[in-house]
$ cat entry29.tsv   # TSV, C-alpha atoms
chain	number	residue	atom	x	y	z
A	101	MET	CA	183.79	75.68	-43.54
A	102	THR	CA	181.32	73.32	-45.20
A	103	LEU	CA	180.23	73.38	-48.82
A	104	VAL	CA	176.61	72.38	-49.22
A	105	VAL	CA	174.50	72.10	-52.33
A	106	ASP	CA	170.96	71.71	-51.05
A	107	THR	CA	169.01	68.63	-51.74
A	108	THR	CA	169.99	63.52	-49.87
A	109	ALA	CA	169.13	59.89	-50.26
A	110	ALA	CA	170.65	56.45	-50.29
A	111	LYS	CA	171.67	55.03	-53.66
A	112	ALA	CA	173.65	56.22	-56.66
A	113	PRO	CA	172.40	55.75	-60.23
A	114	ALA	CA	172.65	52.19	-61.48
A	115	ALA	CA	174.80	53.09	-64.49
A	116	PRO	CA	178.38	54.06	-63.59
A	117	VAL	CA	179.07	57.73	-64.27
A	118	THR	CA	182.56	59.16	-64.09
A	119	VAL	CA	182.67	62.67	-62.71
A	120	SER	CA	185.87	64.60	-63.25
A	121	VAL	CA	187.21	68.15	-63.04
A	122	ASN	CA	190.06	69.01	-65.40
A	123	GLY	CA	190.90	65.31	-65.64
A	124	VAL	CA	190.78	64.67	-61.88
A	125	ALA	CA	188.15	62.00	-61.17
A	126	ILE	CA	185.78	62.23	-58.20
A	127	ALA	CA	185.72	58.81	-56.55
A	128	ARG	CA	182.34	57.11	-56.83
A	129	ASP	CA	182.39	55.99	-53.19
A	130	ALA	CA	183.10	59.59	-52.14
A	131	ILE	CA	179.94	60.68	-53.95
A	132	VAL	CA	177.93	57.95	-52.25
A	133	ARG	CA	179.22	59.06	-48.82
A	134	GLU	CA	178.42	62.68	-49.66
A	135	MET	CA	174.79	61.80	-50.47
A	136	GLN	CA	173.85	61.78	-46.77
A	137	HIS	CA	174.26	65.57	-46.76
A	138	HIS	CA	171.86	66.13	-49.67
A	139	PRO	CA	168.29	65.00	-48.90
A	140	ALA	CA	166.17	64.50	-52.02
A	141	ASP	CA	162.95	62.75	-53.00
A	142	LYS	CA	164.77	60.44	-55.41
A	143	PRO	CA	168.18	58.74	-55.07
A	144	VAL	CA	169.32	59.99	-58.46
A	145	ALA	CA	168.70	63.59	-57.41
A	146	ALA	CA	170.70	63.07	-54.19
A	147	TRP	CA	173.53	61.51	-56.20
A	148	GLN	CA	173.59	64.43	-58.63
A	149	GLU	CA	173.66	67.03	-55.86
A	150	ALA	CA	176.42	65.14	-54.03
A	151	ALA	CA	178.46	64.86	-57.23
A	152	ARG	CA	177.92	68.54	-57.96
A	153	ALA	CA	179.06	69.53	-54.44
A	154	LEU	CA	182.25	67.49	-54.73
A	155	ALA	CA	182.94	68.78	-58.23
A	156	ILE	CA	182.63	72.36	-56.97
A	157	ARG	CA	184.95	71.55	-54.07
A	158	GLU	CA	187.52	70.06	-56.46
A	159	LEU	CA	187.23	73.07	-58.76
A	160	LEU	CA	187.92	75.47	-55.89
A	161	LEU	CA	190.78	73.39	-54.51
A	162	GLN	CA	192.45	73.24	-57.91
A	163	ARG	CA	192.27	77.02	-58.18
A	164	ALA	CA	193.66	77.50	-54.65
A	165	ARG	CA	196.59	75.18	-55.37
A	166	HIS	CA	197.24	76.87	-58.70
A	167	LEU	CA	197.59	80.16	-56.82
A	168	GLY	CA	199.91	78.52	-54.29
A	169	LEU	CA	197.66	79.39	-51.36
A	170	THR	CA	198.13	77.97	-47.90
A	171	ALA	CA	195.76	78.26	-44.97
A	172	THR	CA	195.63	77.37	-41.30
A	173	PRO	CA	192.45	75.59	-40.16
A	174	GLU	CA	190.40	77.54	-37.66
A	175	SER	CA	187.98	76.47	-34.94
A	176	ASP	CA	184.56	77.94	-34.22
A	177	ALA	CA	183.03	78.84	-30.85
A	178	ALA	CA	181.81	75.26	-30.43
A	179	GLY	CA	185.33	73.87	-30.89
A	180	ARG	CA	184.69	72.43	-34.38
A	181	ARG	CA	187.83	72.63	-36.49
A	182	GLU	CA	188.08	73.10	-40.24
A	183	THR	CA	189.76	70.52	-42.40
A	184	GLU	CA	192.79	71.55	-44.42
A	185	GLU	CA	190.68	71.66	-47.58
A	186	GLU	CA	187.98	73.80	-45.95
A	187	ALA	CA	190.61	76.26	-44.75
A	188	LEU	CA	192.11	76.41	-48.23
A	189	ILE	CA	188.74	77.13	-49.84
A	190	ARG	CA	188.03	79.83	-47.25
A	191	ALA	CA	191.37	81.47	-48.05
A	192	LEU	CA	190.65	81.28	-51.79
A	193	LEU	CA	187.23	82.91	-51.50
A	194	ALA	CA	188.56	85.60	-49.18
A	195	ARG	CA	191.25	86.46	-51.74
A	196	GLU	CA	189.29	86.19	-54.97
A	197	VAL	CA	185.73	87.23	-54.09
A	198	ALA	CA	185.11	90.80	-52.99
A	199	VAL	CA	182.00	91.16	-50.82
A	200	PRO	CA	181.07	94.79	-50.15
A	201	GLU	CA	179.91	95.69	-46.66
A	202	PRO	CA	176.30	96.97	-46.60
A	203	ASP	CA	176.30	100.62	-45.54
A	204	ASP	CA	173.77	102.29	-43.27
A	205	GLU	CA	171.87	103.85	-46.17
A	206	THR	CA	171.37	100.45	-47.81
A	207	CYS	CA	170.25	98.88	-44.53
A	208	ARG	CA	167.79	101.71	-43.84
A	209	ARG	CA	166.36	101.42	-47.34
A	210	TYR	CA	165.81	97.68	-46.84
A	211	TYR	CA	164.16	98.40	-43.48
A	212	ASP	CA	161.81	101.01	-44.98
A	213	ASN	CA	160.82	98.68	-47.84
A	214	ASN	CA	160.24	95.66	-45.59
A	215	ARG	CA	158.77	97.04	-42.37
A	216	ALA	CA	156.31	94.15	-42.09
A	217	ARG	CA	159.26	91.81	-41.51
A	218	PHE	CA	160.30	93.74	-38.42
A	219	CYS	CA	157.13	93.62	-36.37
A	220	SER	CA	156.91	91.95	-32.99
A	221	ALA	CA	154.28	89.22	-32.77
A	222	ASP	CA	150.74	89.86	-31.59
A	223	ILE	CA	150.32	88.65	-28.01
A	224	TYR	CA	147.09	87.05	-26.80
A	225	GLU	CA	146.07	86.63	-23.17
A	226	ALA	CA	143.67	83.70	-23.06
A	227	SER	CA	141.81	81.40	-20.70
A	228	HIS	CA	140.16	78.06	-21.29
A	229	ILE	CA	138.29	75.21	-19.64
A	230	LEU	CA	139.43	71.79	-20.85
A	231	PHE	CA	137.19	68.73	-20.87
A	232	ALA	CA	139.81	66.09	-21.52
A	233	ALA	CA	139.01	63.13	-23.78
A	234	ALA	CA	140.56	61.27	-26.71
A	235	ALA	CA	138.76	61.02	-30.04
A	236	SER	CA	139.74	57.34	-30.08
A	237	GLU	CA	137.30	56.80	-27.18
A	238	PRO	CA	133.92	57.76	-28.72
A	239	GLU	CA	131.84	57.53	-25.55
A	240	ALA	CA	134.25	59.61	-23.45
A	241	PHE	CA	134.63	62.08	-26.32
A	242	ALA	CA	130.86	62.50	-26.64
A	243	GLN	CA	130.54	62.95	-22.88
A	244	ALA	CA	133.28	65.58	-22.88
A	245	ARG	CA	131.41	67.49	-25.59
A	246	ALA	CA	128.15	67.31	-23.62
A	247	ASP	CA	129.86	68.50	-20.43
A	248	ALA	CA	131.51	71.38	-22.30
A	249	GLU	CA	128.19	72.45	-23.82
A	250	ALA	CA	126.50	72.34	-20.40
A	251	VAL	CA	129.19	74.50	-18.78
A	252	LEU	CA	129.11	76.87	-21.76
A	253	ALA	CA	125.36	77.30	-21.27
A	254	THR	CA	126.02	78.29	-17.66
A	255	LEU	CA	128.64	80.78	-18.80
A	256	ARG	CA	126.18	82.44	-21.15
A	257	GLU	CA	124.01	83.21	-18.15
A	258	ARG	CA	126.84	83.97	-15.72
A	259	PRO	CA	129.99	84.96	-17.66
A	260	GLU	CA	131.62	86.18	-14.44
A	261	SER	CA	131.78	82.56	-13.21
A	262	PHE	CA	134.44	81.52	-15.78
A	263	ALA	CA	137.28	81.23	-13.26
A	264	ALA	CA	135.19	79.27	-10.76
A	265	LEU	CA	133.95	76.89	-13.45
A	266	ALA	CA	137.49	76.40	-14.74
A	267	GLN	CA	138.66	75.48	-11.26
A	268	ALA	CA	135.77	73.02	-10.92
A	269	TYR	CA	135.80	71.37	-14.33
A	270	SER	CA	139.00	71.97	-16.27
A	271	ARG	CA	141.48	69.11	-16.58
A	272	CYS	CA	144.35	71.43	-17.42
A	273	PRO	CA	146.94	72.63	-14.86
A	274	SER	CA	145.72	76.14	-15.69
A	275	ALA	CA	142.57	75.33	-13.69
A	276	ALA	CA	144.43	76.44	-10.58
A	277	GLN	CA	144.64	79.92	-12.13
A	278	GLY	CA	141.00	79.99	-13.15
A	279	GLY	CA	141.85	78.69	-16.63
A	280	ASN	CA	144.34	81.49	-17.35
A	281	LEU	CA	146.91	80.40	-19.95
A	282	GLY	CA	148.98	83.56	-19.73
A	283	GLN	CA	150.38	85.19	-22.83
A	284	LEU	CA	150.38	83.30	-26.13
A	285	THR	CA	151.68	83.98	-29.62
A	286	ARG	CA	150.79	82.25	-32.87
A	287	GLY	CA	152.03	78.69	-33.13
A	288	GLN	CA	152.01	77.97	-29.38
A	289	THR	CA	148.68	76.13	-29.32
A	290	THR	CA	147.01	73.53	-31.51
A	291	PRO	CA	145.75	74.81	-34.88
A	292	GLU	CA	142.10	74.33	-33.87
A	293	PHE	CA	142.55	76.23	-30.61
A	294	GLU	CA	144.45	79.01	-32.37
A	295	ARG	CA	141.79	79.46	-35.06
A	296	ALA	CA	139.10	79.78	-32.41
A	297	LEU	CA	141.18	82.22	-30.36
A	298	LEU	CA	141.99	84.47	-33.33
A	299	ALA	CA	138.30	84.71	-34.21
A	300	LEU	CA	137.44	86.26	-30.83
A	301	THR	CA	137.45	89.87	-29.71
A	302	PRO	CA	138.92	90.75	-26.30
A	303	GLY	CA	136.55	89.70	-23.51
A	304	GLU	CA	134.64	87.29	-25.77
A	305	THR	CA	134.09	83.59	-25.06
A	306	GLY	CA	133.74	81.19	-27.98
A	307	ALA	CA	130.15	80.27	-28.85
A	308	GLU	CA	130.96	76.57	-29.27
A	309	PRO	CA	133.36	74.12	-27.60
A	310	VAL	CA	136.56	73.65	-29.60
A	311	ALA	CA	137.69	70.08	-30.32
A	312	THR	CA	141.43	69.33	-30.26
A	313	ARG	CA	143.49	66.20	-29.66
A	314	TYR	CA	143.21	66.96	-25.95
A	315	GLY	CA	139.42	67.04	-25.82
A	316	PHE	CA	137.02	69.99	-25.84
A	317	HIS	CA	137.87	73.54	-24.82
A	318	ILE	CA	135.82	76.54	-23.87
A	319	VAL	CA	138.00	79.40	-25.08
A	320	ARG	CA	138.03	83.01	-23.93
A	321	LEU	CA	140.22	85.81	-25.25
A	322	ASP	CA	141.00	88.14	-22.36
A	323	ARG	CA	143.28	90.68	-24.06
A	324	LYS	CA	145.16	91.21	-27.30
A	325	HIS	CA	148.38	93.20	-27.56
A	326	GLU	CA	149.02	94.24	-31.15
A	327	GLY	CA	152.53	93.67	-32.47
A	328	ARG	CA	154.56	96.79	-33.10
A	329	THR	CA	157.19	97.70	-35.65
A	330	LEU	CA	160.63	97.33	-34.11
A	331	PRO	CA	162.81	100.44	-34.35
A	332	TYR	CA	165.57	100.41	-36.95
A	333	GLU	CA	168.27	100.49	-34.26
A	334	MET	CA	167.07	97.14	-32.89
A	335	VAL	CA	167.28	95.34	-36.22
A	336	ALA	CA	170.11	97.17	-38.04
A	337	ALA	CA	172.70	94.49	-37.25
A	338	ARG	CA	170.34	91.71	-38.36
A	339	ILE	CA	169.63	93.51	-41.64
A	340	ALA	CA	173.34	94.04	-42.28
A	341	ASP	CA	174.04	90.33	-41.67
A	342	TYR	CA	171.23	89.31	-44.03
A	343	LEU	CA	172.33	91.65	-46.81
A	344	ARG	CA	175.99	90.66	-46.41
A	345	GLU	CA	175.12	86.96	-46.62
A	346	SER	CA	172.90	87.50	-49.67
A	347	VAL	CA	175.60	89.41	-51.53
A	348	GLN	CA	178.24	86.86	-50.52
A	349	ARG	CA	176.10	83.96	-51.73
A	350	ARG	CA	175.59	85.57	-55.14
A	351	ALA	CA	179.26	86.55	-55.42
A	352	HIS	CA	180.39	83.00	-54.63
A	353	ALA	CA	177.96	81.57	-57.20
A	354	GLN	CA	179.22	83.96	-59.88
A	355	TYR	CA	182.83	83.13	-59.05
A	356	ILE	CA	182.17	79.40	-59.31
A	357	ALA	CA	180.35	79.92	-62.61
A	358	ARG	CA	183.40	81.72	-64.01
A	359	LEU	CA	185.75	78.96	-62.89
A	360	ALA	CA	183.43	76.30	-64.28
A	361	SER	CA	183.21	78.02	-67.68
A	362	ALA	CA	186.99	77.75	-68.03
A	363	ALA	CA	187.25	74.18	-66.71
A	364	ARG	CA	186.70	70.76	-68.26
A	365	ILE	CA	183.99	69.15	-66.19
A	366	GLU	CA	182.61	65.76	-67.14
A	367	GLY	CA	179.81	63.62	-65.73
A	368	ILE	CA	177.87	66.39	-63.97
A	369	ALA	CA	176.52	69.81	-64.88
A	370	LEU	CA	177.23	72.71	-62.53
A	371	ALA	CA	174.03	74.52	-63.45
A	372	GLY	CA	173.08	74.44	-59.77
A	373	ALA	CA	176.18	76.29	-58.60
A	374	ASP	CA	174.00	79.15	-57.37
A	375	SER	CA	172.90	76.89	-54.50
A	376	LEU	CA	176.42	76.76	-53.06
A	377	ARG	CA	176.64	77.74	-49.42
A	378	VAL	CA	179.86	78.38	-47.57
A	379	HIS	CA	179.70	78.12	-43.79
$ encode --input "entry29.tsv" --output "C-alpha cells"
Amino acid sequence: MTLVVDTTAAKAPAAPVTVSVNGVAIARDAIVREMQHHPADKPVAAWQEAARALAIRELLLQRARHLGLTATPESDAAGRRETEEEALIRALLAREVAVPEPDDETCRRYYDNNRARFCSADIYEASHILFAAAASEPEAFAQARADAEAVLATLRERPESFAALAQAYSRCPSAAQGGNLGQLTRGQTTPEFERALLALTPGETGAEPVATRYGFHIVRLDRKHEGRTLPYEMVAARIADYLRESVQRRAHAQYIARLASAARIEGIALAGADSLRVH
C-alpha cells in the first residue's frame, strides 16, 4: 500500500519549517526524500506535497496505534511486499471506512448515462505511397514532394494503378503489399497523416501529398469501420471497479479530513487531503 499525494522536485524551501502531527515531528530529511514521489513545477510545491503526504501517513498511523491495531504485510501478484506501516494503514482504513459495493442498478445507470465512454474505436483500413526524405535536407525534401506530385497525377488518371505504383515507388515496407497499411485506429500514425486520413471518405485518395517527418505520403482510405457501443455485460466489471474506486477515494478523503480536524497539525495544511490515493 502506498500513500500518494499527487504533485515532485528537488529542493525544500530555504527557510526551515517544522512539520508535526500531535507533537510528533516529521523529519526534514524524510520530507526531502519523499519529494521524488511528488513531481511539481516548483521545488516548494513538491516539498509541500511531500510534507502533506507524510503528515497524512503519521496521522493515520497514530490513529491505528491508538486503536491497538496490528496487521500482517501482504504481497501483490508481482511479489512486492507491504511495509509494516502500509499494512497498518490498510487495516485501519478497512476497519474505519465503509465503502459500499456498487450494485447492478447503479452500474447500469452509469452505463446508460455515459454510453459514449463505452464505444469501440473506429477502425480505418488505409494504404499509402511514401516518398522518404528528411525536412533537414531541403533538396531531397523538395525532390520527394515533386515525385509524390508526379505519381499523384498518374493516379488521378489511373486510380486502379495505386498498388503497382506503391510497389514501384514507396519506401515503406508496406510497398510489398501494394501500400496496404492494414487496420489503423486513432493515434497510431503521425498527426499529419491522421488528419489527412480522417478527412477522406472510403475509396478516396488525398488530393495533395501529405508531409510528415518521414517524407511525403500519398494517402488512400480504403474502408472505415465505425466503432460500436459495447454491450453492458462486457463493461459491467470495469464500471463497478471505477465506481468502487471513486467512492473509496472520497470516503478516505472524508475520513482523513475528520481526523485532521481533531488533530494538532503544524507546519503544513492538509487542505489537499482529497488527493490521497491508497494503493
$ atom_distance --input "entry29.tsv" --atom1 "CA of Val347 (chain A)" --atom2 "CA of Ala198 (chain A)"
9.7 Å
$ residues_around --input "entry29.tsv" --residues "Ala226 (chain A)" --least-positions-apart "6" --cutoff "10 Å" --atoms "all atoms listed in the file" --output "compact mmCIF listing (two decimals) with C-alpha atoms, in the frame of the given file"
# COMPACT_ATOMS: atom_id res chain seq x y z
CA GLY A 279 141.85 78.69 -16.63
CA ASN A 280 144.34 81.49 -17.35
CA LEU A 281 146.91 80.40 -19.95
CA GLY A 282 148.98 83.56 -19.73
CA GLN A 283 150.38 85.19 -22.83
CA LEU A 284 150.38 83.30 -26.13
CA LEU A 297 141.18 82.22 -30.36
CA PRO A 302 138.92 90.75 -26.30
CA GLY A 303 136.55 89.70 -23.51
CA THR A 305 134.09 83.59 -25.06
CA VAL A 319 138.00 79.40 -25.08
CA ARG A 320 138.03 83.01 -23.93
CA LEU A 321 140.22 85.81 -25.25
CA ASP A 322 141.00 88.14 -22.36
CA ARG A 323 143.28 90.68 -24.06
CA LYS A 324 145.16 91.21 -27.30
$ closest_residue --input "entry29.tsv" --among "A:Asn122, A:Thr285, A:Thr172, A:Thr254" --to "Asp222 (chain A)" --atoms "only C-alpha atoms"
A:Thr285
$ closest_atom_pairs --input "entry29.tsv" --of "region 234-352 of chain A" --to "region 211-218 of chain A" --cutoff "12 Å" --atoms "all atoms listed in the file" --output "tab-separated table"
residue	atom	partner	partner_atom	distance
A:Gly327	CA	A:Phe218	CA	9.8
A:Arg328	CA	A:Phe218	CA	8.4
A:Thr329	CA	A:Phe218	CA	5.7
A:Leu330	CA	A:Phe218	CA	5.6
A:Pro331	CA	A:Phe218	CA	8.2
A:Tyr332	CA	A:Tyr211	CA	7.0
A:Glu333	CA	A:Tyr211	CA	10.3
A:Met334	CA	A:Phe218	CA	9.4
A:Val335	CA	A:Phe218	CA	7.5
A:Ala336	CA	A:Tyr211	CA	8.2
A:Ala337	CA	A:Tyr211	CA	11.3
A:Arg338	CA	A:Phe218	CA	10.2
A:Ile339	CA	A:Tyr211	CA	7.6
A:Ala340	CA	A:Tyr211	CA	10.2
A:Tyr342	CA	A:Tyr211	CA	11.5
A:Leu343	CA	A:Tyr211	CA	11.1
$ residues_around --input "entry29.tsv" --residues "Asp247 (chain A)" --least-positions-apart "3" --cutoff "12 Å" --atoms "all atoms listed in the file" --output "list in words"
Ile229, Leu230, Phe231, Ala232, Ala233, Ala240, Phe241, Ala242, Gln243, Ala244, Ala250, Val251, Leu252, Ala253, Thr254, Leu265, Tyr269, Ser270, Pro309, Gly315, Phe316, His317 and Ile318 of chain A
$ closest_residue --input "entry29.tsv" --among "A:Ser227, A:Thr183, A:Leu370, A:Ala194" --to "Ile356 (chain A)" --atoms "only C-alpha atoms"
A:Leu370
